[in-house]
Amino acid sequence: MLDQEMYIPTFDDMLAAHERIKPHIRRTPVRTSAYLNELTGAELFFKCENFQEPGAFKVRGATNAVFGLDDEQAKAGVATHSSGNHASCLSYAAMLRGIPCNVVMPKTAPQAKKDTVRRYGGVITECEPSTTSREETFAKVQEATGGDFVHPYNDPRVIAGQGTCAREFIEQTDGLDIAMAPIGGGGMISGTCLTLSNMAPETQIIAAEPEQADDAMRSFKAGYIIADDAPKTIADGLLVPLKERTWHFVSNHVTDILTASDAEIIDAMKLTWKHLRIVMEASSAVPLATILKNKDRFAGKRVGIIITGGNVDLDKLPWTL
């Protein structure tokens, strides 16, 4: 049950976020592929958030949080825990504002993501690859630094910022039958729900998740949050569980959650690299993998897919391991 004192971001928060972050982010392009349309039987539109400067959609929520701080709050900087993309995006936003950023990252996070965090001036403290270790280590870091906690997804500022992506997407495609994004903690899906429930309520919202980290799908079916502590999948950006705010949006606005195996995710990742000719990470390939697995469900539909990130370790691509 949602805490009555827990603030849920509104459509006005999303609109305010869009104005706040406009000077600092890119309005990313939408790509199509005749081959992928023919292969799936659907008309697919890919929103390329991997083209953001830090390589992921999470720059939207992170920038909204950082630039929403008043000068006194900003003095101590910001802090977070993240498997990679939120860490790099928060570091980037903090660098733009000239404030410190401390992040807790799993030891197993891709080296490319750690390098990006450090390039933007973020200070990394490593933890074991589990939700428990991540949160315990973060508590110590925040106590030591005093930075404002910007949660990777269970934060109204972050959700409102992520919702700006769907606003652009709807404007760029002139409407969609279905909007899809990967789901881990649910920040992007929540922002998508926030925006589309107001701008395009007729658009179905479907989340995509790895079979080996399917706690959101099981939560959706059960009607309450089920949290796995340390799932293992090549989609390393989707390892965290839903929280109260994101569960609010998932349980009220998501039509369905579909899953794909790691092998299916790799196949979809290869297809997009080849036919969209862009670099994307495994987590971003999960929606296409689920479409390929459920072609009848998507046939003849206009489907928008958010490519959430492109930060990959080129020496450790999934199909070479």
# chains A, B, ... in the order shown; residues from 1 in each chain; ligands from 1
$ select_by_dssp --residues "stretch 67-140 of chain A" --states "alpha helix (DSSP H)" --output "PyMOL selection string"
chain A and resi 67+71-74+85-97+111-119+131-140
$ closest_atom_pairs --of "stretch 237-311 of chain A" --to "stretch 113-134 of chain A" --cutoff "12 Å" --atoms "only C-alpha atoms" --output "JSON lines"
{"residue": "A:Gly237", "atom": "CA", "partner": "A:Lys113", "partner_atom": "CA", "distance": 10.6}
{"residue": "A:Leu238", "atom": "CA", "partner": "A:Thr131", "partner_atom": "CA", "distance": 11.9}
{"residue": "A:Leu239", "atom": "CA", "partner": "A:Thr131", "partner_atom": "CA", "distance": 8.6}
{"residue": "A:Val240", "atom": "CA", "partner": "A:Thr131", "partner_atom": "CA", "distance": 6.9}
{"residue": "A:Pro241", "atom": "CA", "partner": "A:Thr131", "partner_atom": "CA", "distance": 8.3}
{"residue": "A:Leu242", "atom": "CA", "partner": "A:Thr131", "partner_atom": "CA", "distance": 11.5}
{"residue": "A:Glu281", "atom": "CA", "partner": "A:Lys113", "partner_atom": "CA", "distance": 11.1}
{"residue": "A:Gly309", "atom": "CA", "partner": "A:Lys113", "partner_atom": "CA", "distance": 10.9}
{"residue": "A:Gly310", "atom": "CA", "partner": "A:Lys113", "partner_atom": "CA", "distance": 10.0}
{"residue": "A:Asn311", "atom": "CA", "partner": "A:Lys113", "partner_atom": "CA", "distance": 6.3}
$ write_last_selection --atoms "N, CA and C atoms" --output "compact mmCIF listing (two decimals), in the first residue's frame"
# COMPACT_ATOMS: atom_id res chain seq x y z
N GLY A 237 21.17 -3.46 -16.59
CA GLY A 237 20.46 -2.26 -16.13
C GLY A 237 19.10 -2.55 -15.54
N LEU A 238 18.70 -3.84 -15.49
CA LEU A 238 17.34 -4.20 -15.07
C LEU A 238 17.36 -5.14 -13.87
N LEU A 239 18.30 -4.93 -12.96
CA LEU A 239 18.49 -5.86 -11.85
C LEU A 239 17.79 -5.44 -10.56
N VAL A 240 17.22 -4.24 -10.53
CA VAL A 240 16.66 -3.74 -9.27
C VAL A 240 15.14 -3.91 -9.23
N PRO A 241 14.56 -3.99 -8.03
CA PRO A 241 13.12 -4.23 -7.90
C PRO A 241 12.30 -2.94 -7.95
N LEU A 242 11.01 -3.08 -8.19
CA LEU A 242 10.08 -1.96 -8.09
C LEU A 242 10.06 -1.41 -6.67
N GLU A 281 22.68 -1.08 -25.48
CA GLU A 281 23.03 -2.10 -24.49
C GLU A 281 21.95 -3.18 -24.41
N GLY A 309 19.48 3.00 -23.43
CA GLY A 309 20.88 3.34 -23.23
C GLY A 309 21.81 2.66 -24.20
N GLY A 310 23.03 3.19 -24.30
CA GLY A 310 24.02 2.64 -25.22
C GLY A 310 25.40 2.53 -24.61
N ASN A 311 25.46 2.38 -23.29
CA ASN A 311 26.76 2.27 -22.63
C ASN A 311 27.15 0.80 -22.50
$ closest_residue --among "A:Gly68, A:Gly187, A:Gly146, A:Gly300" --to "A:Cys165" --atoms "only C-alpha atoms"
A:Gly187
$ residues_around --residues "A:Lys295" --least-positions-apart "5" --cutoff "12 Å" --atoms "only C-alpha atoms" --output "PyMOL selection string"
chain A and resi 36-43+287-290+300-301+303
$ closest_residue --among "A:Leu258, A:Val250, A:Ile8, A:Asp236" --to "A:Arg297" --atoms "only C-alpha atoms"
A:Leu258
$ decode --residues "stretch 200-318 of chain A" --atoms "C-alpha atoms" --output "PDB file, in the first residue's frame"
ATOM      1  CA  ALA A 200      -2.467   9.789 -25.026  1.00  0.00           C
ATOM      2  CA  PRO A 201      -4.639   7.658 -22.725  1.00  0.00           C
ATOM      3  CA  GLU A 202      -5.571   5.398 -25.645  1.00  0.00           C
ATOM      4  CA  THR A 203      -1.948   4.229 -25.980  1.00  0.00           C
ATOM      5  CA  GLN A 204      -1.246   0.915 -24.273  1.00  0.00           C
ATOM      6  CA  ILE A 205       1.906   0.774 -22.141  1.00  0.00           C
ATOM      7  CA  ILE A 206       3.741  -2.557 -22.132  1.00  0.00           C
ATOM      8  CA  ALA A 207       6.919  -3.203 -20.147  1.00  0.00           C
ATOM      9  CA  ALA A 208       9.591  -5.717 -21.143  1.00  0.00           C
ATOM     10  CA  GLU A 209      11.742  -7.662 -18.695  1.00  0.00           C
ATOM     11  CA  PRO A 210      14.405 -10.407 -18.747  1.00  0.00           C
ATOM     12  CA  GLU A 211      13.132 -13.861 -17.768  1.00  0.00           C
ATOM     13  CA  GLN A 212      16.054 -14.174 -15.355  1.00  0.00           C
ATOM     14  CA  ALA A 213      15.075 -10.975 -13.535  1.00  0.00           C
ATOM     15  CA  ASP A 214      11.291 -11.109 -13.835  1.00  0.00           C
ATOM     16  CA  ASP A 215      10.238  -9.772 -10.433  1.00  0.00           C
ATOM     17  CA  ALA A 216       8.243  -6.904 -11.993  1.00  0.00           C
ATOM     18  CA  MET A 217       6.221  -9.363 -14.097  1.00  0.00           C
ATOM     19  CA  ARG A 218       5.577 -11.547 -11.052  1.00  0.00           C
ATOM     20  CA  SER A 219       4.630  -8.458  -9.034  1.00  0.00           C
ATOM     21  CA  PHE A 220       2.232  -7.373 -11.777  1.00  0.00           C
ATOM     22  CA  LYS A 221       0.498 -10.764 -11.755  1.00  0.00           C
ATOM     23  CA  ALA A 222       0.434 -11.060  -7.960  1.00  0.00           C
ATOM     24  CA  GLY A 223      -0.820  -7.524  -7.302  1.00  0.00           C
ATOM     25  CA  TYR A 224       1.964  -6.584  -4.883  1.00  0.00           C
ATOM     26  CA  ILE A 225       5.718  -5.937  -5.042  1.00  0.00           C
ATOM     27  CA  ILE A 226       7.945  -9.001  -5.235  1.00  0.00           C
ATOM     28  CA  ALA A 227      11.633  -8.141  -4.894  1.00  0.00           C
ATOM     29  CA  ASP A 228      14.544 -10.382  -5.874  1.00  0.00           C
ATOM     30  CA  ASP A 229      17.793  -9.523  -4.111  1.00  0.00           C
ATOM     31  CA  ALA A 230      20.428 -10.477  -6.699  1.00  0.00           C
ATOM     32  CA  PRO A 231      19.085 -11.663 -10.080  1.00  0.00           C
ATOM     33  CA  LYS A 232      21.535 -12.496 -12.868  1.00  0.00           C
ATOM     34  CA  THR A 233      20.965 -11.517 -16.503  1.00  0.00           C
ATOM     35  CA  ILE A 234      22.955  -9.932 -19.326  1.00  0.00           C
ATOM     36  CA  ALA A 235      20.525  -6.980 -19.080  1.00  0.00           C
ATOM     37  CA  ASP A 236      22.541  -5.450 -16.241  1.00  0.00           C
ATOM     38  CA  GLY A 237      20.460  -2.264 -16.134  1.00  0.00           C
ATOM     39  CA  LEU A 238      17.344  -4.196 -15.068  1.00  0.00           C
ATOM     40  CA  LEU A 239      18.490  -5.860 -11.851  1.00  0.00           C
ATOM     41  CA  VAL A 240      16.656  -3.735  -9.272  1.00  0.00           C
ATOM     42  CA  PRO A 241      13.122  -4.227  -7.902  1.00  0.00           C
ATOM     43  CA  LEU A 242      10.080  -1.959  -8.087  1.00  0.00           C
ATOM     44  CA  LYS A 243       9.502   0.489  -5.235  1.00  0.00           C
ATOM     45  CA  GLU A 244       6.350   2.154  -3.927  1.00  0.00           C
ATOM     46  CA  ARG A 245       6.200   5.091  -6.355  1.00  0.00           C
ATOM     47  CA  THR A 246       6.961   3.052  -9.446  1.00  0.00           C
ATOM     48  CA  TRP A 247       4.557   0.332  -8.315  1.00  0.00           C
ATOM     49  CA  HIS A 248       1.839   3.011  -8.157  1.00  0.00           C
ATOM     50  CA  PHE A 249       2.276   3.703 -11.881  1.00  0.00           C
ATOM     51  CA  VAL A 250       2.829   0.090 -12.944  1.00  0.00           C
ATOM     52  CA  SER A 251      -0.221  -1.208 -11.088  1.00  0.00           C
ATOM     53  CA  ASN A 252      -2.489   1.582 -12.335  1.00  0.00           C
ATOM     54  CA  HIS A 253      -1.397   2.163 -15.935  1.00  0.00           C
ATOM     55  CA  VAL A 254       0.651  -0.704 -17.395  1.00  0.00           C
ATOM     56  CA  THR A 255      -1.268  -3.052 -19.710  1.00  0.00           C
ATOM     57  CA  ASP A 256       1.135  -5.986 -19.455  1.00  0.00           C
ATOM     58  CA  ILE A 257       4.714  -7.043 -18.718  1.00  0.00           C
ATOM     59  CA  LEU A 258       6.349  -9.444 -21.182  1.00  0.00           C
ATOM     60  CA  THR A 259       9.619 -11.328 -20.744  1.00  0.00           C
ATOM     61  CA  ALA A 260      12.423 -12.655 -22.934  1.00  0.00           C
ATOM     62  CA  SER A 261      15.342 -14.992 -22.302  1.00  0.00           C
ATOM     63  CA  ASP A 262      18.955 -13.826 -22.384  1.00  0.00           C
ATOM     64  CA  ALA A 263      19.427 -15.649 -25.695  1.00  0.00           C
ATOM     65  CA  GLU A 264      16.409 -13.835 -27.181  1.00  0.00           C
ATOM     66  CA  ILE A 265      17.725 -10.515 -25.851  1.00  0.00           C
ATOM     67  CA  ILE A 266      21.095 -11.108 -27.526  1.00  0.00           C
ATOM     68  CA  ASP A 267      19.389 -11.918 -30.845  1.00  0.00           C
ATOM     69  CA  ALA A 268      17.351  -8.704 -30.647  1.00  0.00           C
ATOM     70  CA  MET A 269      20.427  -6.710 -29.701  1.00  0.00           C
ATOM     71  CA  LYS A 270      22.268  -8.010 -32.785  1.00  0.00           C
ATOM     72  CA  LEU A 271      19.313  -7.164 -35.015  1.00  0.00           C
ATOM     73  CA  THR A 272      19.158  -3.556 -33.832  1.00  0.00           C
ATOM     74  CA  TRP A 273      22.899  -3.080 -34.080  1.00  0.00           C
ATOM     75  CA  LYS A 274      22.774  -4.380 -37.654  1.00  0.00           C
ATOM     76  CA  HIS A 275      19.589  -2.811 -38.981  1.00  0.00           C
ATOM     77  CA  LEU A 276      19.316   0.423 -36.960  1.00  0.00           C
ATOM     78  CA  ARG A 277      23.119   0.789 -37.086  1.00  0.00           C
ATOM     79  CA  ILE A 278      23.378   2.083 -33.541  1.00  0.00           C
ATOM     80  CA  VAL A 279      25.121   0.993 -30.348  1.00  0.00           C
ATOM     81  CA  MET A 280      22.674  -0.091 -27.677  1.00  0.00           C
ATOM     82  CA  GLU A 281      23.030  -2.104 -24.490  1.00  0.00           C
ATOM     83  CA  ALA A 282      21.387  -5.420 -23.699  1.00  0.00           C
ATOM     84  CA  SER A 283      18.715  -3.871 -21.461  1.00  0.00           C
ATOM     85  CA  SER A 284      17.511  -1.764 -24.398  1.00  0.00           C
ATOM     86  CA  ALA A 285      16.988  -4.849 -26.577  1.00  0.00           C
ATOM     87  CA  VAL A 286      14.442  -6.478 -24.256  1.00  0.00           C
ATOM     88  CA  PRO A 287      11.334  -4.793 -25.778  1.00  0.00           C
ATOM     89  CA  LEU A 288      12.188  -5.922 -29.326  1.00  0.00           C
ATOM     90  CA  ALA A 289      12.955  -9.416 -28.013  1.00  0.00           C
ATOM     91  CA  THR A 290       9.464  -9.631 -26.504  1.00  0.00           C
ATOM     92  CA  ILE A 291       7.853  -8.337 -29.719  1.00  0.00           C
ATOM     93  CA  LEU A 292       9.643 -11.000 -31.752  1.00  0.00           C
ATOM     94  CA  LYS A 293       8.431 -13.579 -29.231  1.00  0.00           C
ATOM     95  CA  ASN A 294       4.807 -12.356 -29.407  1.00  0.00           C
ATOM     96  CA  LYS A 295       4.417 -11.222 -33.042  1.00  0.00           C
ATOM     97  CA  ASP A 296       0.670 -11.817 -33.216  1.00  0.00           C
ATOM     98  CA  ARG A 297       0.080  -9.405 -30.372  1.00  0.00           C
ATOM     99  CA  PHE A 298       1.856  -6.558 -32.151  1.00  0.00           C
ATOM    100  CA  ALA A 299       0.986  -7.260 -35.793  1.00  0.00           C
ATOM    101  CA  GLY A 300      -0.407  -4.202 -37.566  1.00  0.00           C
ATOM    102  CA  LYS A 301       0.226  -1.901 -34.579  1.00  0.00           C
ATOM    103  CA  ARG A 302       2.213   1.323 -34.337  1.00  0.00           C
ATOM    104  CA  VAL A 303       4.684   0.488 -31.577  1.00  0.00           C
ATOM    105  CA  GLY A 304       7.049   2.940 -29.913  1.00  0.00           C
ATOM    106  CA  ILE A 305      10.152   1.474 -28.272  1.00  0.00           C
ATOM    107  CA  ILE A 306      12.386   3.526 -25.996  1.00  0.00           C
ATOM    108  CA  ILE A 307      16.037   2.570 -26.509  1.00  0.00           C
ATOM    109  CA  THR A 308      17.087   3.376 -22.978  1.00  0.00           C
ATOM    110  CA  GLY A 309      20.882   3.341 -23.230  1.00  0.00           C
ATOM    111  CA  GLY A 310      24.019   2.644 -25.219  1.00  0.00           C
ATOM    112  CA  ASN A 311      26.760   2.272 -22.626  1.00  0.00           C
ATOM    113  CA  VAL A 312      28.391  -1.063 -23.422  1.00  0.00           C
ATOM    114  CA  ASP A 313      31.772  -2.590 -22.743  1.00  0.00           C
ATOM    115  CA  LEU A 314      32.970  -3.308 -26.274  1.00  0.00           C
ATOM    116  CA  ASP A 315      35.448  -5.889 -24.955  1.00  0.00           C
ATOM    117  CA  LYS A 316      32.632  -7.856 -23.275  1.00  0.00           C
ATOM    118  CA  LEU A 317      29.725  -7.917 -25.704  1.00  0.00           C
ATOM    119  CA  PRO A 318      27.139 -10.551 -24.691  1.00  0.00           C
TER     120      PRO A 318
END
